[in-house]
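Engineer: File data.txt follows (compact mmCIF, N, CA and C atoms):
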# COMPACT_ATOMS: atom_id res chain seq x y z
N MET A 21 90.94 153.05 104.08
CA MET A 21 91.30 151.68 104.36
C MET A 21 91.59 150.96 103.03
N ALA A 22 92.67 150.20 103.00
CA ALA A 22 93.05 149.46 101.80
C ALA A 22 92.24 148.18 101.68
N VAL A 23 91.98 147.82 100.46
CA VAL A 23 91.26 146.57 100.18
C VAL A 23 92.30 145.50 99.83
N ALA A 24 92.20 144.32 100.43
CA ALA A 24 93.15 143.23 100.19
C ALA A 24 92.56 142.21 99.23
N LYS A 25 93.41 141.58 98.45
CA LYS A 25 92.98 140.48 97.59
C LYS A 25 92.55 139.31 98.46
N PHE A 26 91.61 138.52 97.94
CA PHE A 26 91.11 137.37 98.70
C PHE A 26 90.54 136.35 97.73
N THR A 27 90.83 135.08 97.97
CA THR A 27 90.19 133.98 97.25
C THR A 27 89.76 132.96 98.30
N ALA A 28 88.50 132.59 98.29
CA ALA A 28 87.96 131.64 99.26
C ALA A 28 88.56 130.25 99.04
N ASP A 29 88.73 129.49 100.12
CA ASP A 29 89.25 128.12 100.02
C ASP A 29 88.45 127.27 99.05
N ILE A 30 87.14 127.47 98.98
CA ILE A 30 86.30 126.65 98.10
C ILE A 30 86.73 126.77 96.64
N VAL A 31 87.24 127.93 96.25
CA VAL A 31 87.71 128.13 94.88
C VAL A 31 88.97 127.30 94.64
N LEU A 32 89.91 127.36 95.58
CA LEU A 32 91.14 126.58 95.46
C LEU A 32 90.85 125.09 95.54
N ASP A 33 89.88 124.73 96.37
CA ASP A 33 89.49 123.32 96.52
C ASP A 33 88.98 122.74 95.20
N GLN A 34 88.34 123.55 94.39
CA GLN A 34 87.81 123.05 93.12
C GLN A 34 88.94 122.53 92.22
N ALA A 35 90.07 123.22 92.20
CA ALA A 35 91.21 122.75 91.41
C ALA A 35 91.74 121.44 91.97
N CYS A 36 91.87 121.37 93.29
CA CYS A 36 92.34 120.14 93.93
C CYS A 36 91.36 119.00 93.68
N ASP A 37 90.07 119.29 93.82
CA ASP A 37 89.05 118.25 93.62
C ASP A 37 89.02 117.75 92.18
N TYR A 38 89.33 118.62 91.22
CA TYR A 38 89.36 118.17 89.82
C TYR A 38 90.39 117.06 89.66
N ILE A 39 91.58 117.25 90.22
CA ILE A 39 92.61 116.21 90.14
C ILE A 39 92.14 114.97 90.88
N LYS A 40 91.68 115.15 92.10
CA LYS A 40 91.24 114.04 92.95
C LYS A 40 90.14 113.20 92.28
N ASN A 41 89.23 113.85 91.60
CA ASN A 41 88.08 113.15 91.01
C ASN A 41 88.31 112.69 89.58
N THR A 42 89.43 113.08 88.98
CA THR A 42 89.66 112.77 87.56
C THR A 42 90.80 111.78 87.34
N VAL A 43 91.81 111.78 88.22
CA VAL A 43 92.96 110.89 88.04
C VAL A 43 92.54 109.43 88.22
N THR A 44 92.92 108.60 87.24
CA THR A 44 92.66 107.16 87.30
C THR A 44 93.93 106.33 87.13
N GLU A 45 95.03 106.99 86.74
CA GLU A 45 96.27 106.27 86.43
C GLU A 45 97.47 106.99 87.02
N MET A 46 98.43 106.21 87.51
CA MET A 46 99.69 106.75 88.00
C MET A 46 100.82 106.01 87.30
N TYR A 47 101.71 106.77 86.67
CA TYR A 47 102.86 106.21 85.97
C TYR A 47 104.13 106.65 86.68
N ILE A 48 104.94 105.69 87.10
CA ILE A 48 106.24 105.98 87.68
C ILE A 48 107.22 105.91 86.52
N CYS A 49 107.83 107.05 86.19
CA CYS A 49 108.55 107.18 84.93
C CYS A 49 110.02 107.51 85.10
N SER A 50 110.77 107.21 84.04
CA SER A 50 112.16 107.63 83.93
C SER A 50 112.20 108.84 83.01
N GLY A 51 113.32 109.51 82.99
CA GLY A 51 113.49 110.63 82.08
C GLY A 51 113.99 111.87 82.79
N THR A 52 114.50 112.80 81.99
CA THR A 52 115.04 114.04 82.52
C THR A 52 114.16 115.24 82.22
N SER A 53 113.04 115.01 81.55
CA SER A 53 112.09 116.09 81.29
C SER A 53 110.67 115.55 81.39
N ASN A 54 109.73 116.46 81.56
CA ASN A 54 108.34 116.05 81.70
C ASN A 54 107.78 115.53 80.38
N PRO A 55 106.99 114.48 80.43
CA PRO A 55 106.30 114.04 79.22
C PRO A 55 105.35 115.15 78.76
N ALA A 56 105.12 115.23 77.47
CA ALA A 56 104.25 116.26 76.92
C ALA A 56 102.78 115.92 77.11
N ASP A 57 102.48 114.62 77.24
CA ASP A 57 101.08 114.20 77.31
C ASP A 57 101.00 112.79 77.92
N ARG A 58 99.79 112.26 77.97
CA ARG A 58 99.58 110.93 78.56
C ARG A 58 100.37 109.86 77.81
N ALA A 59 100.40 109.94 76.49
CA ALA A 59 101.14 108.95 75.70
C ALA A 59 102.62 108.97 76.07
N GLY A 60 103.17 110.16 76.30
CA GLY A 60 104.56 110.27 76.72
C GLY A 60 104.79 109.66 78.09
N ALA A 61 103.84 109.87 78.99
CA ALA A 61 103.94 109.27 80.33
C ALA A 61 103.90 107.75 80.22
N MET A 62 103.00 107.24 79.40
CA MET A 62 102.88 105.79 79.24
C MET A 62 104.16 105.19 78.66
N SER A 63 104.78 105.87 77.69
CA SER A 63 105.98 105.32 77.06
C SER A 63 107.20 105.40 77.98
N ALA A 64 107.21 106.34 78.93
CA ALA A 64 108.33 106.47 79.86
C ALA A 64 108.11 105.66 81.14
N ALA A 65 106.97 105.00 81.26
CA ALA A 65 106.60 104.32 82.51
C ALA A 65 107.46 103.09 82.78
N LEU A 66 107.92 103.00 84.02
CA LEU A 66 108.60 101.81 84.52
C LEU A 66 107.63 100.95 85.31
N ALA A 67 106.63 101.61 85.90
CA ALA A 67 105.60 100.92 86.69
C ALA A 67 104.31 101.72 86.54
N THR A 68 103.18 101.01 86.57
CA THR A 68 101.88 101.64 86.36
C THR A 68 100.90 101.18 87.41
N LYS A 69 100.14 102.13 87.93
CA LYS A 69 99.04 101.82 88.85
C LYS A 69 97.77 102.40 88.24
N THR A 70 96.79 101.53 87.97
CA THR A 70 95.52 101.99 87.43
C THR A 70 94.42 101.79 88.47
N GLY A 71 93.23 102.26 88.15
CA GLY A 71 92.11 102.09 89.06
C GLY A 71 92.08 103.11 90.18
N LEU A 72 92.84 104.20 90.04
CA LEU A 72 92.80 105.24 91.06
C LEU A 72 91.46 105.95 91.04
N ASN A 73 91.06 106.49 92.19
CA ASN A 73 89.82 107.25 92.29
C ASN A 73 89.98 108.26 93.42
N SER A 74 88.92 108.94 93.77
CA SER A 74 89.03 110.00 94.78
C SER A 74 89.54 109.47 96.12
N ALA A 75 89.30 108.21 96.43
CA ALA A 75 89.79 107.64 97.68
C ALA A 75 91.31 107.44 97.68
N SER A 76 91.95 107.60 96.52
CA SER A 76 93.40 107.48 96.40
C SER A 76 94.12 108.75 96.85
N PHE A 77 93.35 109.76 97.22
CA PHE A 77 93.89 111.08 97.57
C PHE A 77 93.33 111.55 98.91
N THR A 78 94.07 112.45 99.55
CA THR A 78 93.61 113.11 100.75
C THR A 78 93.56 114.61 100.48
N GLY A 79 92.52 115.26 100.91
CA GLY A 79 92.39 116.70 100.70
C GLY A 79 91.22 116.97 99.78
N ALA A 80 91.00 118.14 99.51
CA ALA A 80 91.81 119.32 99.74
C ALA A 80 91.90 119.64 101.24
N ALA A 81 93.09 120.16 101.60
CA ALA A 81 93.36 120.48 102.99
C ALA A 81 94.22 121.74 103.04
N ASP A 82 94.40 122.30 104.22
CA ASP A 82 95.26 123.46 104.36
C ASP A 82 96.64 123.14 103.81
N GLY A 83 97.21 124.07 103.06
CA GLY A 83 98.54 123.88 102.49
C GLY A 83 99.61 123.89 103.56
N THR A 84 100.77 123.34 103.25
CA THR A 84 101.89 123.33 104.16
C THR A 84 102.39 124.74 104.40
N VAL A 85 102.44 125.55 103.35
CA VAL A 85 102.88 126.94 103.45
C VAL A 85 101.67 127.86 103.56
N SER A 86 100.75 127.73 102.64
CA SER A 86 99.51 128.52 102.66
C SER A 86 98.55 127.91 101.66
N GLY A 87 97.36 128.43 101.56
CA GLY A 87 96.42 127.97 100.55
C GLY A 87 95.89 126.57 100.82
N ARG A 88 95.81 125.78 99.75
CA ARG A 88 95.21 124.45 99.81
C ARG A 88 96.10 123.46 99.08
N LYS A 89 96.03 122.19 99.48
CA LYS A 89 96.83 121.15 98.84
C LYS A 89 96.03 119.87 98.75
N ILE A 90 96.53 118.96 97.89
CA ILE A 90 95.99 117.61 97.78
C ILE A 90 97.17 116.64 97.85
N THR A 91 96.98 115.52 98.53
CA THR A 91 98.03 114.53 98.73
C THR A 91 97.61 113.21 98.12
N LYS A 92 98.53 112.57 97.39
CA LYS A 92 98.31 111.22 96.87
C LYS A 92 98.66 110.27 98.00
N ASN A 93 97.74 109.37 98.33
CA ASN A 93 97.98 108.40 99.39
C ASN A 93 99.06 107.40 98.98
N ALA A 94 99.70 106.78 99.96
CA ALA A 94 100.73 105.78 99.71
C ALA A 94 100.15 104.58 98.96
N GLU A 95 100.99 103.94 98.17
CA GLU A 95 100.64 102.71 97.45
C GLU A 95 101.73 101.67 97.72
N THR A 96 101.35 100.41 97.74
CA THR A 96 102.34 99.34 97.93
C THR A 96 102.17 98.29 96.85
N GLY A 97 103.28 97.62 96.54
CA GLY A 97 103.24 96.47 95.64
C GLY A 97 102.92 96.77 94.20
N ILE A 98 103.36 97.92 93.68
CA ILE A 98 103.13 98.25 92.27
C ILE A 98 104.15 97.48 91.44
N SER A 99 103.69 96.69 90.48
CA SER A 99 104.58 95.87 89.65
C SER A 99 105.43 96.73 88.72
N ILE A 100 106.73 96.43 88.72
CA ILE A 100 107.67 97.11 87.83
C ILE A 100 107.75 96.31 86.54
N THR A 101 107.40 96.94 85.43
CA THR A 101 107.39 96.24 84.14
C THR A 101 108.66 96.47 83.34
N THR A 102 109.35 97.59 83.59
CA THR A 102 110.57 97.93 82.85
C THR A 102 111.60 98.46 83.84
N GLY A 103 112.82 98.00 83.74
CA GLY A 103 113.87 98.48 84.62
C GLY A 103 114.37 99.85 84.19
N GLY A 104 114.84 100.63 85.15
CA GLY A 104 115.39 101.95 84.87
C GLY A 104 115.39 102.78 86.13
N THR A 105 115.72 104.06 85.98
CA THR A 105 115.76 104.97 87.11
C THR A 105 114.50 105.83 87.12
N ALA A 106 113.70 105.68 88.16
CA ALA A 106 112.47 106.46 88.30
C ALA A 106 112.83 107.88 88.76
N THR A 107 112.26 108.88 88.08
CA THR A 107 112.55 110.27 88.42
C THR A 107 111.29 111.12 88.60
N ILE A 108 110.18 110.68 88.04
CA ILE A 108 108.93 111.44 88.15
C ILE A 108 107.73 110.50 88.27
N ILE A 109 106.65 111.04 88.80
CA ILE A 109 105.38 110.34 88.81
C ILE A 109 104.39 111.19 88.03
N CYS A 110 103.71 110.57 87.08
CA CYS A 110 102.70 111.25 86.26
C CYS A 110 101.33 110.75 86.67
N LEU A 111 100.41 111.67 86.87
CA LEU A 111 99.04 111.35 87.20
C LEU A 111 98.16 111.72 86.01
N CYS A 112 97.38 110.75 85.54
CA CYS A 112 96.60 110.94 84.32
C CYS A 112 95.16 110.50 84.50
N SER A 113 94.29 111.08 83.69
CA SER A 113 92.95 110.52 83.50
C SER A 113 93.12 109.47 82.40
N GLY A 114 92.03 108.93 81.91
CA GLY A 114 92.12 107.97 80.81
C GLY A 114 92.56 108.59 79.50
N THR A 115 92.63 109.93 79.45
CA THR A 115 92.98 110.60 78.19
C THR A 115 94.02 111.72 78.34
N THR A 116 94.24 112.21 79.56
CA THR A 116 95.01 113.44 79.72
C THR A 116 96.04 113.35 80.84
N LEU A 117 97.23 113.87 80.59
CA LEU A 117 98.24 114.06 81.63
C LEU A 117 97.81 115.26 82.46
N LEU A 118 97.57 115.05 83.76
CA LEU A 118 97.06 116.12 84.61
C LEU A 118 98.11 116.71 85.54
N SER A 119 99.08 115.92 85.98
CA SER A 119 100.06 116.42 86.94
C SER A 119 101.33 115.59 86.86
N VAL A 120 102.47 116.26 87.02
CA VAL A 120 103.77 115.60 87.07
C VAL A 120 104.44 115.99 88.38
N CYS A 121 104.89 115.00 89.14
CA CYS A 121 105.53 115.24 90.43
C CYS A 121 106.95 114.67 90.39
N THR A 122 107.91 115.47 90.85
CA THR A 122 109.28 114.97 90.91
C THR A 122 109.43 114.09 92.15
N ILE A 123 110.32 113.12 92.06
CA ILE A 123 110.59 112.21 93.17
C ILE A 123 112.10 112.04 93.32
N THR A 124 112.51 111.51 94.44
CA THR A 124 113.91 111.15 94.62
C THR A 124 114.21 109.99 93.68
N SER A 125 115.26 110.11 92.88
CA SER A 125 115.61 109.07 91.91
C SER A 125 115.78 107.73 92.61
N GLN A 126 115.26 106.69 91.97
CA GLN A 126 115.38 105.34 92.51
C GLN A 126 115.49 104.37 91.35
N VAL A 127 116.46 103.47 91.43
CA VAL A 127 116.63 102.43 90.41
C VAL A 127 115.58 101.35 90.65
N LEU A 128 114.82 101.04 89.60
CA LEU A 128 113.79 100.00 89.67
C LEU A 128 114.20 98.83 88.78
N THR A 129 113.92 97.62 89.25
CA THR A 129 114.27 96.41 88.52
C THR A 129 113.00 95.71 88.05
N ALA A 130 112.93 95.43 86.75
CA ALA A 130 111.77 94.75 86.19
C ALA A 130 111.51 93.45 86.92
N GLY A 131 110.23 93.17 87.18
CA GLY A 131 109.84 91.96 87.87
C GLY A 131 109.67 92.14 89.37
N ASN A 132 110.21 93.23 89.90
CA ASN A 132 110.04 93.53 91.32
C ASN A 132 108.80 94.40 91.51
N THR A 133 108.60 94.87 92.73
CA THR A 133 107.52 95.81 93.01
C THR A 133 108.11 97.06 93.64
N VAL A 134 107.33 98.13 93.61
CA VAL A 134 107.76 99.38 94.20
C VAL A 134 106.62 99.94 95.06
N ASN A 135 106.97 100.61 96.13
CA ASN A 135 106.00 101.29 96.99
C ASN A 135 106.20 102.79 96.82
N THR A 136 105.13 103.54 96.93
CA THR A 136 105.24 105.00 96.93
C THR A 136 104.69 105.53 98.25
N PRO A 137 105.42 106.43 98.88
CA PRO A 137 104.87 107.06 100.09
C PRO A 137 103.80 108.06 99.69
N ALA A 138 103.06 108.55 100.65
CA ALA A 138 102.14 109.65 100.38
C ALA A 138 102.97 110.85 99.93
N PHE A 139 102.47 111.59 98.95
CA PHE A 139 103.19 112.77 98.48
C PHE A 139 102.21 113.87 98.06
N ARG A 140 102.68 115.11 98.20
CA ARG A 140 101.88 116.26 97.82
C ARG A 140 101.85 116.36 96.31
N VAL A 141 100.64 116.39 95.74
CA VAL A 141 100.48 116.52 94.30
C VAL A 141 100.55 117.98 93.90
N ILE A 142 99.82 118.82 94.61
CA ILE A 142 99.77 120.24 94.28
C ILE A 142 99.47 121.03 95.54
N GLU A 143 100.07 122.21 95.62
CA GLU A 143 99.72 123.15 96.68
C GLU A 143 99.50 124.51 96.00
N ILE A 144 98.31 125.03 96.16
CA ILE A 144 97.96 126.32 95.57
C ILE A 144 98.02 127.36 96.68
N ALA A 145 98.94 128.31 96.54
CA ALA A 145 99.15 129.31 97.59
C ALA A 145 97.99 130.29 97.66
N ASP A 146 97.78 130.83 98.84
CA ASP A 146 96.83 131.92 99.01
C ASP A 146 97.31 133.12 98.18
N VAL A 147 96.38 133.95 97.77
CA VAL A 147 96.75 135.15 97.03
C VAL A 147 97.53 136.10 97.95
N THR A 148 98.41 136.88 97.36
CA THR A 148 99.18 137.85 98.12
C THR A 148 98.48 139.19 98.03
N PRO A 149 98.14 139.75 99.17
CA PRO A 149 97.41 141.04 99.14
C PRO A 149 98.24 142.15 98.52
Show how you would write the structure in this file as structure tokens.
Structural biologist:
Amino acid sequence: MAVAKFTADIVLDQACDYIKNTVTEMYICSGTSNPADRAGAMSAALATKTGLNSASFTGAADGTVSGRKITKNAETGISITTGGTATIICLCSGTTLLSVCTITSQVLTAGNTVNTPAFRVIEIADVTP
């Protein structure tokens, strides 16, 4: 009998929970490449949401394809501080860039507000036997 690879959901959940429990800042950014770090995310930010915590996320839950995922809950009324075309969302702790998510490009105008729908931050696939 062949032995198959296996990783328990609790292991995958730990990675999802790290993001969920560590992210405190969301930067809606412009640019054509990922920022290298939190400072890069802050300098590319068109809009910023601070004060995020574990309640800002849903999951870990079963992945859409397989494995486990975490979802960032929707936000409304985020103030736009700089005009430009939003292309990515960066999720950071107070010191570290933890995740970069691509979004549908949207032109943002300074002085307005922006809403974000719920979106998948990460999905970790089950191991392939």
Engineer: I need the residue nearest Ile123 in chain A from this list: A:Ala65, A:Cys36, A:Ala106, A:Ala138. Use all atoms listed in the file for the distance.
Structural biologist: A:Ala106
Engineer: Can you check which parts of range 94-142 of chain A lie within 6 Å of range 37-53 of chain A? Per residue, the shortest pair of atoms and distance in Å to one decimal, counting only N, CA and C atoms, sorted by chain and number, as CSV.
Structural biologist:
residue,atom,partner,partner_atom,distance
A:Thr105,C,A:Ser50,CA,4.3
A:Ala106,CA,A:Cys49,C,4.2
A:Thr107,N,A:Cys49,C,4.0
A:Ile108,C,A:Cys49,N,4.0
A:Ile109,CA,A:Tyr47,C,4.4
A:Cys110,N,A:Tyr47,C,4.0
A:Leu111,CA,A:Glu45,C,4.6
A:Cys112,C,A:Thr44,N,4.0
A:Ser113,CA,A:Thr44,N,4.2
A:Gly114,N,A:Thr44,N,5.4
Engineer: Go ahead and compute the interatomic distance for atom C of Val127 in chain A and atom N of Thr78 in chain A, in Å to one decimal.
Structural biologist: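 Distance between the two atoms: 25.8 Å.
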Engineer: How big is the axis-aligned box around all listed atoms of range 74-79 of chain A once 4 Å goes on each side, and where's its centre, in Å to one decimal, as JSON?
Structural biologist:
{"center_x": 91.5, "center_y": 112.2, "center_z": 97.3, "size_x": 13.2, "size_y": 17.5, "size_z": 15.1}
Engineer: Skipping near chain neighbours, those fewer than 5 positions away, what residues fall within 6.5 Å of Ala130 in chain A using only N, CA and C atoms, listed as number ranges by chain?
Structural biologist: A: 100-104
Engineer: How far is it from CA of Asp29 in chain A to CA of Phe77 in chain A, in Å with one decimal?
Structural biologist: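 That distance, rounded to one decimal, is 17.8 Å.
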Engineer: Among the residues of range 48-101 of chain A, find those DSSP assigns to alpha helix (DSSP H) from the backbone and print them as a list of chain:residue names.
Structural biologist: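 Of range 48-101 of chain A, the ones in alpha helix (DSSP H) are A:Arg58, A:Ala59, A:Gly60, A:Ala61, A:Met62, A:Ser63, A:Ala64.
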Engineer: Figure out the distance between atom C of Thr136 in chain A and CA of Ser86 in chain A, please, to one decimal in Å.
Structural biologist: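 Pair CA of Ser86 in chain A / atom C of Thr136 in chain A returns 24.0 Å.
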Engineer: Taking only chain A into account, list the residues labelled strand (DSSP E) by DSSP (computed from the backbone), as an MDAnalysis selection string.
Structural biologist: chainID A and resid 45:49 65:70 77:82 88:92 95:99 104:112 117:128 133:136 139:144
Engineer: Pick from A:Asn132, A:Thr27, A:Ser125, A:Ser63: nearest to Thr148 in chain A, with only N, CA and C atoms counted?
Structural biologist: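 Closest candidate: A:Thr27.
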Engineer: Which of these, A:Thr70, A:Asn93, A:Thr84, A:Asn54, has the shortest distance to Val120 in chain A once you count all atoms listed in the file?
Structural biologist: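 Counting all atoms listed in the file, the residue closest to Val120 in chain A is A:Asn54.
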Engineer: Nearest residue to Lys89 in chain A out of A:Lys25, A:Ala35, A:Thr124, A:Ile144, using only N, CA and C atoms?
Structural biologist: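 Checking each candidate against Lys89 in chain A, we get A:Ile144 as the closest.
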Engineer: Hey, what's within 10 Å of Thr133 in chain A if we count only C-alpha atoms and toss same-chain stuff fewer than 4 positions away? As a ChimeraX atom specification, please?
Structural biologist: /A:67,96-101,128-129
